[in-house]
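K.L.:
Got run02.tsv for you, TSV, C-alpha atoms and all ligand atoms:
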```
chain	number	residue	atom	x	y	z
A	42	MET	CA	57.74	14.93	-32.72
A	43	LYS	CA	56.21	18.38	-32.16
A	44	ILE	CA	54.16	19.05	-29.01
A	45	THR	CA	52.32	22.30	-28.30
A	46	PHE	CA	50.97	23.15	-24.87
A	47	ARG	CA	48.29	25.73	-24.25
A	48	GLN	CA	48.78	27.19	-20.81
A	49	SER	CA	45.19	26.33	-19.87
A	50	TRP	CA	45.87	22.68	-20.72
A	51	ILE	CA	48.90	22.67	-18.41
A	52	ASN	CA	46.54	23.76	-15.62
A	53	ASN	CA	44.19	20.90	-16.47
A	54	PHE	CA	47.10	18.47	-16.49
A	55	LEU	CA	48.26	19.59	-13.06
A	56	ARG	CA	44.77	19.08	-11.63
A	57	CYS	CA	44.23	15.66	-13.22
A	58	PRO	CA	46.48	14.12	-15.90
A	59	GLU	CA	43.81	11.65	-17.04
A	60	GLN	CA	41.25	14.39	-17.58
A	61	ALA	CA	43.86	16.36	-19.55
A	62	ARG	CA	44.68	13.30	-21.68
A	63	GLN	CA	41.06	12.77	-22.65
A	64	GLU	CA	40.59	16.44	-23.46
A	65	ARG	CA	43.77	16.48	-25.55
A	66	LEU	CA	42.58	13.53	-27.61
A	67	GLY	CA	39.16	15.09	-28.07
A	68	LEU	CA	37.45	12.22	-26.22
A	69	VAL	CA	35.59	14.65	-23.95
A	70	LYS	CA	34.89	18.35	-23.95
A	71	GLN	CA	34.12	20.86	-21.21
A	72	LYS	CA	30.48	21.98	-21.26
A	73	GLU	CA	29.58	25.51	-22.30
A	74	THR	CA	28.40	27.04	-19.04
A	75	SER	CA	26.92	30.32	-17.94
A	76	ASP	CA	30.21	30.94	-16.04
A	77	LEU	CA	32.02	30.88	-19.38
A	78	LEU	CA	29.44	33.20	-20.94
A	79	ARG	CA	29.91	35.67	-18.06
A	80	GLY	CA	33.68	35.76	-18.58
A	81	ASN	CA	33.46	35.95	-22.36
A	82	ALA	CA	30.95	38.81	-22.34
A	83	VAL	CA	33.17	40.98	-20.14
A	84	HIS	CA	36.26	40.05	-22.19
A	85	HIS	CA	34.43	40.98	-25.36
A	86	ALA	CA	33.48	44.44	-24.11
A	87	ILE	CA	37.04	45.13	-22.92
A	88	GLU	CA	38.45	43.92	-26.22
A	89	MET	CA	36.10	46.25	-28.07
A	90	ALA	CA	37.19	49.10	-25.81
A	91	GLY	CA	40.87	48.33	-26.40
A	92	THR	CA	40.55	48.20	-30.16
A	93	SER	CA	37.84	50.79	-30.67
A	94	PRO	CA	38.55	53.81	-32.82
A	95	ILE	CA	36.31	55.75	-30.43
A	96	VAL	CA	38.77	57.66	-28.24
A	97	LYS	CA	36.53	57.87	-25.16
A	98	VAL	CA	34.66	54.66	-24.48
A	99	ASN	CA	31.80	55.44	-22.13
A	100	PRO	CA	29.76	53.23	-19.77
A	101	PRO	CA	26.58	53.09	-21.94
A	102	GLN	CA	28.69	51.82	-24.85
A	103	LEU	CA	30.34	49.16	-22.66
A	104	LEU	CA	26.96	48.02	-21.35
A	105	ASP	CA	25.65	47.73	-24.90
A	106	TRP	CA	28.60	45.51	-25.88
A	107	VAL	CA	28.01	43.28	-22.86
A	108	ASP	CA	24.26	43.00	-23.51
A	109	GLU	CA	24.72	42.28	-27.21
A	110	TYR	CA	27.30	39.58	-26.55
A	111	ILE	CA	25.11	37.79	-24.03
A	112	ALA	CA	22.03	37.97	-26.26
A	113	GLU	CA	23.96	36.57	-29.25
A	114	ASN	CA	25.75	33.76	-27.40
A	115	ALA	CA	23.31	32.58	-24.71
A	116	HIS	CA	21.94	29.87	-27.02
A	117	ALA	CA	25.28	28.00	-26.83
A	118	VAL	CA	25.12	27.56	-23.04
A	119	GLU	CA	24.55	23.92	-22.09
A	120	GLU	CA	24.48	24.43	-18.34
A	121	TRP	CA	23.03	27.47	-16.59
A	122	ARG	CA	24.60	27.77	-13.16
A	123	HIS	CA	22.95	31.14	-12.67
A	124	SER	CA	19.89	32.62	-14.36
A	125	TYR	CA	20.17	34.66	-17.56
A	126	GLU	CA	19.18	37.79	-15.64
A	127	LYS	CA	21.82	37.22	-12.99
A	128	ILE	CA	24.52	36.80	-15.68
A	129	VAL	CA	23.46	40.07	-17.29
A	130	ASP	CA	23.48	41.90	-13.94
A	131	VAL	CA	26.92	40.61	-12.93
A	132	CYS	CA	28.48	41.30	-16.35
A	133	ARG	CA	27.12	44.83	-16.32
A	134	ALA	CA	28.45	45.44	-12.81
A	135	ASN	CA	31.84	43.94	-13.71
A	136	ILE	CA	32.33	46.00	-16.85
A	137	LEU	CA	31.45	49.19	-14.97
A	138	VAL	CA	34.00	48.45	-12.25
A	139	TRP	CA	36.56	47.74	-15.00
A	140	HIS	CA	35.75	51.13	-16.50
A	141	ASP	CA	35.98	52.99	-13.19
A	142	GLU	CA	38.93	51.27	-11.51
A	143	VAL	CA	41.09	49.53	-14.12
A	144	TRP	CA	40.77	51.55	-17.32
A	145	PRO	CA	42.26	54.73	-15.73
A	146	GLN	CA	45.41	52.74	-14.79
A	147	LEU	CA	45.97	51.48	-18.32
A	148	GLY	CA	47.85	53.08	-21.15
A	149	VAL	CA	47.25	52.53	-24.83
A	150	PRO	CA	47.44	48.76	-25.36
A	151	ARG	CA	50.27	47.37	-27.45
A	152	ALA	CA	48.05	44.42	-28.19
A	153	VAL	CA	44.65	43.08	-27.15
A	154	GLU	CA	43.83	39.35	-27.22
A	155	ARG	CA	47.24	38.64	-28.76
A	156	THR	CA	47.70	34.98	-29.65
A	157	PHE	CA	51.25	33.68	-29.36
A	158	LYS	CA	53.08	30.47	-30.16
A	159	LYS	CA	56.68	30.22	-29.04
A	160	LYS	CA	59.18	27.41	-29.18
A	161	ILE	CA	60.45	26.24	-25.79
A	162	GLY	CA	63.18	24.05	-27.21
A	163	LYS	CA	64.11	20.65	-28.52
A	164	ARG	CA	65.22	17.60	-26.53
A	165	LYS	CA	65.66	14.00	-27.63
A	166	GLY	CA	63.70	14.50	-30.84
A	167	VAL	CA	60.82	16.37	-29.18
A	168	GLU	CA	60.17	19.98	-30.19
A	169	LEU	CA	58.16	21.72	-27.47
A	170	TRP	CA	56.02	24.83	-28.05
A	171	LEU	CA	53.81	27.00	-25.88
A	172	SER	CA	50.69	28.83	-27.07
A	173	GLY	CA	48.17	31.13	-25.48
A	174	THR	CA	46.25	34.38	-25.79
A	175	ALA	CA	47.12	37.42	-23.70
A	176	ASP	CA	44.15	39.61	-22.81
A	177	TRP	CA	45.93	42.95	-22.67
A	178	GLU	CA	49.54	43.97	-23.25
A	179	ASP	CA	49.90	47.49	-21.96
A	180	GLU	CA	52.18	50.14	-23.47
A	181	SER	CA	54.23	49.94	-20.24
A	182	GLY	CA	55.01	46.29	-21.08
A	183	GLU	CA	52.86	44.95	-18.23
A	184	LEU	CA	50.39	42.18	-18.98
A	185	TRP	CA	46.79	42.16	-17.76
A	186	ASP	CA	44.36	39.30	-17.55
A	187	TRP	CA	40.64	39.61	-16.77
A	188	LYS	CA	38.99	37.08	-14.47
A	189	ASN	CA	35.29	36.87	-13.71
A	190	PRO	CA	34.91	34.20	-11.01
A	191	SER	CA	32.14	34.07	-8.44
A	192	ARG	CA	34.49	35.04	-5.61
A	193	PHE	CA	37.90	36.61	-5.04
A	194	TYR	CA	41.16	34.65	-5.07
A	195	GLU	CA	43.82	34.24	-2.39
A	196	PRO	CA	46.62	36.53	-3.67
A	197	TRP	CA	49.44	34.50	-2.13
A	198	GLU	CA	48.23	31.36	-3.91
A	199	LYS	CA	48.27	33.10	-7.26
A	200	ARG	CA	51.73	34.52	-6.62
A	201	ARG	CA	53.10	31.15	-5.60
A	202	TRP	CA	51.71	28.78	-8.19
A	203	ASP	CA	49.72	30.54	-10.90
A	204	ILE	CA	50.76	29.01	-14.24
A	205	GLN	CA	49.37	31.64	-16.58
A	206	SER	CA	51.56	34.44	-15.25
A	207	HIS	CA	54.65	32.27	-15.74
A	208	ALA	CA	53.62	31.23	-19.24
A	209	TYR	CA	52.74	34.69	-20.50
A	210	CYS	CA	55.71	36.47	-18.92
A	211	TRP	CA	58.02	33.89	-20.48
A	212	ALA	CA	56.37	34.04	-23.91
A	213	LEU	CA	56.02	37.80	-24.16
A	214	GLY	CA	59.19	38.87	-22.36
A	215	ALA	CA	57.34	40.62	-19.52
A	216	GLU	CA	58.14	40.83	-15.81
A	217	LYS	CA	54.82	42.12	-14.53
A	218	PHE	CA	51.51	40.32	-14.82
A	219	ASN	CA	48.31	41.72	-13.34
A	220	LEU	CA	45.24	39.72	-12.51
A	221	ALA	CA	42.19	41.97	-12.57
A	222	VAL	CA	39.48	39.99	-10.82
A	223	PHE	CA	35.83	41.01	-11.04
A	224	ALA	CA	33.36	39.26	-8.76
A	225	ASN	CA	29.78	40.50	-8.46
A	226	GLY	CA	30.79	44.02	-9.36
A	227	GLN	CA	33.74	44.15	-6.94
A	228	TYR	CA	37.35	44.53	-8.07
A	229	GLN	CA	40.45	42.74	-6.78
A	230	HIS	CA	43.89	43.57	-8.18
A	231	ILE	CA	46.65	40.95	-7.86
A	232	PRO	CA	49.96	42.18	-9.25
A	233	ILE	CA	52.46	39.38	-9.86
A	234	GLN	CA	56.13	39.62	-10.72
A	235	ARG	CA	58.03	36.81	-12.46
A	236	ASN	CA	61.82	36.79	-12.50
A	237	GLU	CA	64.30	34.67	-14.43
A	238	ALA	CA	64.37	31.91	-11.80
A	239	ASP	CA	60.55	31.64	-11.92
A	240	LEU	CA	60.63	31.29	-15.68
A	241	LYS	CA	63.35	28.64	-15.63
A	242	ALA	CA	61.29	26.67	-13.13
A	243	PHE	CA	58.28	26.97	-15.44
A	244	ILE	CA	60.25	25.60	-18.41
A	245	ASP	CA	61.36	22.64	-16.27
A	246	LEU	CA	57.71	22.04	-15.40
A	247	CYS	CA	56.75	21.98	-19.10
A	248	TRP	CA	59.47	19.44	-19.91
A	249	SER	CA	58.39	17.27	-16.95
A	250	ILE	CA	55.08	16.58	-18.72
A	251	VAL	CA	56.69	15.34	-21.95
A	252	PRO	CA	57.76	11.80	-20.89
A	253	LEU	CA	54.16	10.87	-20.10
A	254	ILE	CA	52.89	12.17	-23.43
A	255	THR	CA	55.55	10.40	-25.45
A	256	ALA	CA	55.17	7.12	-23.55
A	257	GLU	CA	51.81	6.60	-25.28
A	258	VAL	CA	50.30	4.86	-22.29
A	259	GLU	CA	46.77	5.05	-20.95
A	260	PRO	CA	45.21	5.94	-18.69
A	261	TRP	CA	47.34	8.68	-17.22
A	262	PRO	CA	47.39	9.10	-13.43
A	263	MET	CA	44.03	10.04	-11.98
A	264	ASN	CA	43.76	12.68	-9.29
A	265	TRP	CA	40.67	12.42	-7.12
A	266	THR	CA	41.68	15.03	-4.60
A	267	GLY	CA	40.11	18.37	-5.30
A	268	TRP	CA	36.97	20.15	-6.41
A	269	HIS	CA	37.72	19.32	-10.05
A	270	CYS	CA	36.99	15.60	-9.51
A	271	SER	CA	33.22	15.76	-9.44
A	272	PRO	CA	30.29	15.27	-11.81
A	273	LYS	CA	29.87	19.03	-11.84
A	274	TRP	CA	33.34	19.89	-13.16
A	275	CYS	CA	34.93	16.84	-14.83
A	276	PRO	CA	33.82	16.04	-18.41
A	277	VAL	CA	35.25	12.52	-18.11
A	278	TRP	CA	33.04	11.82	-15.10
A	279	GLN	CA	30.06	13.40	-16.90
A	280	ASP	CA	30.70	11.10	-19.85
A	281	GLY	CA	30.32	8.04	-17.65
A	282	LYS	CA	34.01	7.17	-17.68
A	283	CYS	CA	36.58	6.96	-14.92
A	284	ARG	CA	34.78	7.53	-11.61
A	285	GLY	CA	31.58	8.31	-13.51
A	286	LYS	CA	31.50	4.69	-14.70
A	287	HIS	CA	30.96	3.57	-11.10
A	288	LEU	CA	29.61	6.52	-9.19
A	289	GLY	CA	27.33	8.00	-11.87
A	290	GLN	CA	26.50	11.56	-12.63
A	291	GLY	CA	24.13	12.24	-9.77
A	292	LYS	CA	25.18	14.76	-7.20
A	293	PRO	CA	24.48	13.46	-3.70
A	294	GLU	CA	22.68	16.00	-1.54
A	295	SER	CA	25.52	15.98	0.96
A	296	TRP	CA	28.09	17.30	-1.61
A	301	LIG	S1	36.75	11.65	-12.63
A	301	LIG	FE1	38.38	12.53	-11.34
A	301	LIG	S2	40.14	11.17	-11.60
A	301	LIG	FE2	38.72	10.74	-13.29
A	301	LIG	S3	39.37	12.04	-14.98
A	301	LIG	FE3	37.84	13.19	-13.84
A	301	LIG	S4	39.01	14.43	-12.38
A	301	LIG	FE4	40.34	12.81	-13.12
```
Please render this file's structure as structure tokens.
Ligand code: SF4

P.N.:
Amino acid sequence: MKITFRQSWINNFLRCPEQARQERLGLVKQKETSDLLRGNAVHHAIEMAGTSPIVKVNPPQLLDWVDEYIAENAHAVEEWRHSYEKIVDVCRANILVWHDEVWPQLGVPRAVERTFKKKIGKRKGVELWLSGTADWEDESGELWDWKNPSRFYEPWEKRRWDIQSHAYCWALGAEKFNLAVFANGQYQHIPIQRNEADLKAFIDLCWSIVPLITAEVEPWPMNWTGWHCSPKWCPVWQDGKCRGKHLGQGKPESW
């Protein structure tokens, strides 16, 4: 049996195994939201900058790429959490802060939006693989990932348990992973270092998920505790299954 994990799916699994099971089987799907559009528009402009034959990418060019992306992809949004105008304003502010504060630190990229698929190993007839897409692999060997949340992160939390930095450092042979966080036009840099012990722990974590997958049981354990278990964030709930079967999709005023 061959099993491939995307690192984002491992995150989903750790939040709620049952939600991850239903997503894996294609029973439910996350909604296209304006949050996703915001992140994708900024990613797109940075990708264009990283692969552009134009030597000097200037702010008006970056703003054009952001605006074009939003205009072309806004129709796919199923849930607007912020207005169209607000998304445009934040994306524009974020790409400018990337240009002013991050771009000068970067060298020529070795790769931009590089997709990888790497074999973790084989145990008891199960071949395990890891896949993902790295936003920016710098010429120094450091990895960069762009985040566009609505607020900054707690750096110590990311250093302690962030999955993506483990996954990408392991897959691409890097030690240094940088989270570049853009929130409402402000920049937060979280450098993370992953050593051999971190990566071994990550591989153990990947294998720990396999017995549940191969057991072919359902449902998988449900995890109610956290922001993810709500009609706003969980596609299983939204679909009227699991807690949504009993509690419905409405969002009580007190939430
Ligand atoms: S409703 Fe809660 S427990 Fe059920 S799948 Fe969603 S996150 Fe998991």

K.L.:
CA of Gln205 (chain A) and CA of Gly182 (chain A), how far apart in Å?

P.N.:
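These atoms are spaced 16.3 Å apart.
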
K.L.:
Using all atoms listed in the file, find each residue in chain A having at least one atom no more than 8 Å away from ligand LIG 301 (chain A); report its shortest atom-to-atom pair and that distance in Å (one decimal), rows by chain then rising number, as a Markdown table.

P.N.:
```
| residue | atom | partner | partner_atom | distance |
| --- | --- | --- | --- | --- |
| A:Arg56 | CA | A:LIG301 | S4 | 7.4 |
| A:Cys57 | CA | A:LIG301 | FE4 | 4.8 |
| A:Pro58 | CA | A:LIG301 | FE4 | 6.9 |
| A:Glu59 | CA | A:LIG301 | S3 | 4.9 |
| A:Gln60 | CA | A:LIG301 | S3 | 4.0 |
| A:Ala61 | CA | A:LIG301 | S3 | 7.7 |
| A:Gln63 | CA | A:LIG301 | S3 | 7.9 |
| A:Pro262 | CA | A:LIG301 | S2 | 7.8 |
| A:Met263 | CA | A:LIG301 | S2 | 4.1 |
| A:Asn264 | CA | A:LIG301 | S2 | 4.6 |
| A:Trp265 | CA | A:LIG301 | S2 | 4.7 |
| A:Thr266 | CA | A:LIG301 | FE1 | 7.9 |
| A:His269 | CA | A:LIG301 | S4 | 5.6 |
| A:Cys270 | CA | A:LIG301 | S4 | 3.7 |
| A:Ser271 | CA | A:LIG301 | S1 | 6.3 |
| A:Pro272 | CA | A:LIG301 | S1 | 7.5 |
| A:Trp274 | CA | A:LIG301 | S4 | 7.9 |
| A:Cys275 | CA | A:LIG301 | FE3 | 4.8 |
| A:Pro276 | CA | A:LIG301 | FE3 | 6.7 |
| A:Val277 | CA | A:LIG301 | FE3 | 5.0 |
| A:Trp278 | CA | A:LIG301 | S1 | 4.5 |
| A:Lys282 | CA | A:LIG301 | S1 | 7.3 |
| A:Cys283 | CA | A:LIG301 | FE2 | 4.6 |
| A:Arg284 | CA | A:LIG301 | S1 | 4.7 |
| A:Gly285 | CA | A:LIG301 | S1 | 6.2 |
```

K.L.:
Residues proximal to (34.5, 44.1, -13.6) were defined as those with any atom within 10 Å of that point in the file's coordinates, counting only C-alpha atoms. Which are they, as a ChimeraX atom specification?

P.N.:
/A:80,83-84,87,131-143,187-189,221-229

K.L.:
Determine the nearest neighbour of Glu198 (chain A) from the options A:Ile231, A:Val167, A:Ser181, A:Gly173, counting only C-alpha atoms.

P.N.:
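The closest residue to Glu198 (chain A) is A:Ile231.
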
K.L.:
So how far away is CA of Gln48 (chain A) from CA of Leu147 (chain A), in Å?

P.N.:
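CA of Gln48 (chain A) lies at a distance of 24.6 Å from CA of Leu147 (chain A).
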
K.L.:
Mind checking which residues fall within 12 Å of His116 (chain A), counting only C-alpha atoms, ignoring those fewer than 6 positions away in the same chain, and posting them as a list in words?

P.N.:
Glu73, Thr74, Ser75, Leu78, Tyr110 and Tyr125 of chain A

K.L.:
When distances are computed from all atoms listed in the file, which of A:Asp130, A:Glu109, A:Glu154, A:Glu168 shows the smallest separation from Thr255 (chain A)?

P.N.:
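Closest residue, counting all atoms listed in the file: A:Glu168.
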
K.L.:
Have a look at A:Leu220, A:Ala152, A:Leu240, A:Met42 and name the one nearest to Phe193 (chain A); count all atoms listed in the file.

P.N.:
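Ranked by minimum distance to Phe193 (chain A), first place goes to A:Leu220.
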
K.L.:
Check the smallest atom-to-atom distance from each of A:Gly148, A:Lys72, A:Leu184, A:Gly67 to Arg122 (chain A) using only C-alpha atoms, then report the winner.

P.N.:
A:Lys72

K.L.:
Just how far from CA of Ile254 (chain A) is CA of Ser172 (chain A), in Å to one decimal?

P.N.:
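Pair CA of Ser172 (chain A) / CA of Ile254 (chain A) returns 17.2 Å.
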
K.L.:
Adding 8 Å on each side of the box along x, y and z that holds all listed atoms of region 130-149 of chain A, could you give its centre and edge lengths in Å to one decimal, as JSON?

P.N.:
```
{"center_x": 35.7, "center_y": 47.7, "center_z": -18.2, "size_x": 40.4, "size_y": 30.1, "size_z": 29.3}
```

K.L.:
Of the candidates A:Ser49, A:Lys217, A:Pro150, A:Leu103, which shows the shortest atom-to-atom distance to Thr174 (chain A), using only C-alpha atoms?

P.N.:
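Answer, going by the shortest atom-to-atom distance: A:Ser49.
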
K.L.:
Find, counting all atoms listed in the file, the residue in A:Lys70, A:Lys273, A:Arg62, A:Lys241 that gets nearest to Glu259 (chain A).

P.N.:
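Answer, going by the shortest atom-to-atom distance: A:Arg62.
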
K.L.:
Compile the contact shell of Gly162 (chain A) as an MDAnalysis selection string: residues with an atom at most 10 Å away, counting only C-alpha atoms, same-chain residues fewer than 4 positions apart removed.

P.N.:
chainID A and resid 167:171 244 248

K.L.:
Just add N, CA and C atoms to region 219-255 of chain A and send it as a compact mmCIF listing (two decimals), keeping the file's coordinate frame.

P.N.:
```txt
# COMPACT_ATOMS: atom_id res chain seq x y z
N ASN A 219 49.36 41.26 -14.26
CA ASN A 219 48.31 41.72 -13.34
C ASN A 219 47.03 40.91 -13.55
N LEU A 220 46.55 40.34 -12.46
CA LEU A 220 45.24 39.72 -12.51
C LEU A 220 44.22 40.77 -12.07
N ALA A 221 43.29 41.08 -12.94
CA ALA A 221 42.19 41.97 -12.57
C ALA A 221 40.97 41.08 -12.39
N VAL A 222 40.54 40.94 -11.15
CA VAL A 222 39.48 39.99 -10.82
C VAL A 222 38.19 40.76 -10.54
N PHE A 223 37.13 40.36 -11.24
CA PHE A 223 35.83 41.01 -11.04
C PHE A 223 34.85 39.96 -10.53
N ALA A 224 34.31 40.21 -9.35
CA ALA A 224 33.36 39.26 -8.76
C ALA A 224 32.17 40.03 -8.24
N ASN A 225 31.03 39.83 -8.86
CA ASN A 225 29.78 40.50 -8.46
C ASN A 225 29.95 42.01 -8.35
N GLY A 226 30.64 42.56 -9.31
CA GLY A 226 30.79 44.02 -9.36
C GLY A 226 31.85 44.58 -8.43
N GLN A 227 32.63 43.70 -7.79
CA GLN A 227 33.74 44.15 -6.94
C GLN A 227 35.05 43.86 -7.66
N TYR A 228 36.07 44.66 -7.38
CA TYR A 228 37.35 44.53 -8.07
C TYR A 228 38.46 44.14 -7.11
N GLN A 229 39.27 43.15 -7.53
CA GLN A 229 40.45 42.74 -6.78
C GLN A 229 41.64 42.79 -7.75
N HIS A 230 42.69 43.48 -7.34
CA HIS A 230 43.89 43.57 -8.18
C HIS A 230 44.99 42.72 -7.55
N ILE A 231 45.53 41.78 -8.35
CA ILE A 231 46.65 40.95 -7.86
C ILE A 231 47.83 41.15 -8.79
N PRO A 232 48.76 42.03 -8.42
CA PRO A 232 49.96 42.18 -9.25
C PRO A 232 50.94 41.05 -8.95
N ILE A 233 51.53 40.50 -10.00
CA ILE A 233 52.46 39.38 -9.86
C ILE A 233 53.73 39.71 -10.63
N GLN A 234 54.87 39.38 -10.04
CA GLN A 234 56.13 39.62 -10.72
C GLN A 234 56.82 38.28 -10.96
N ARG A 235 57.32 38.06 -12.15
CA ARG A 235 58.03 36.81 -12.46
C ARG A 235 59.46 37.14 -12.88
N ASN A 236 60.42 36.53 -12.16
CA ASN A 236 61.82 36.79 -12.50
C ASN A 236 62.40 35.60 -13.29
N GLU A 237 63.67 35.69 -13.58
CA GLU A 237 64.30 34.67 -14.43
C GLU A 237 64.22 33.28 -13.80
N ALA A 238 64.42 33.22 -12.48
CA ALA A 238 64.37 31.91 -11.80
C ALA A 238 62.96 31.30 -11.91
N ASP A 239 61.93 32.13 -11.77
CA ASP A 239 60.55 31.64 -11.92
C ASP A 239 60.36 31.03 -13.31
N LEU A 240 60.87 31.74 -14.30
CA LEU A 240 60.63 31.29 -15.68
C LEU A 240 61.40 30.01 -16.00
N LYS A 241 62.61 29.89 -15.43
CA LYS A 241 63.35 28.64 -15.63
C LYS A 241 62.61 27.47 -14.99
N ALA A 242 62.05 27.72 -13.82
CA ALA A 242 61.29 26.67 -13.13
C ALA A 242 60.08 26.26 -13.97
N PHE A 243 59.44 27.25 -14.60
CA PHE A 243 58.28 26.97 -15.44
C PHE A 243 58.67 26.10 -16.65
N ILE A 244 59.80 26.40 -17.26
CA ILE A 244 60.25 25.60 -18.41
C ILE A 244 60.54 24.16 -17.97
N ASP A 245 61.14 24.00 -16.80
CA ASP A 245 61.36 22.64 -16.27
C ASP A 245 60.02 21.91 -16.10
N LEU A 246 59.04 22.65 -15.59
CA LEU A 246 57.71 22.04 -15.40
C LEU A 246 57.14 21.55 -16.74
N CYS A 247 57.27 22.38 -17.78
CA CYS A 247 56.75 21.98 -19.10
C CYS A 247 57.43 20.69 -19.57
N TRP A 248 58.76 20.64 -19.45
CA TRP A 248 59.47 19.44 -19.91
C TRP A 248 59.09 18.21 -19.07
N SER A 249 58.71 18.42 -17.82
CA SER A 249 58.39 17.27 -16.95
C SER A 249 57.13 16.54 -17.41
N ILE A 250 56.31 17.20 -18.24
CA ILE A 250 55.08 16.58 -18.72
C ILE A 250 55.34 15.69 -19.94
N VAL A 251 56.43 15.99 -20.65
CA VAL A 251 56.69 15.34 -21.95
C VAL A 251 56.85 13.81 -21.86
N PRO A 252 57.59 13.26 -20.89
CA PRO A 252 57.76 11.80 -20.89
C PRO A 252 56.44 11.03 -20.87
N LEU A 253 55.46 11.56 -20.15
CA LEU A 253 54.16 10.87 -20.10
C LEU A 253 53.47 10.91 -21.46
N ILE A 254 53.54 12.05 -22.11
CA ILE A 254 52.89 12.17 -23.43
C ILE A 254 53.54 11.23 -24.43
N THR A 255 54.86 11.19 -24.43
CA THR A 255 55.55 10.40 -25.45
C THR A 255 55.54 8.91 -25.13
```
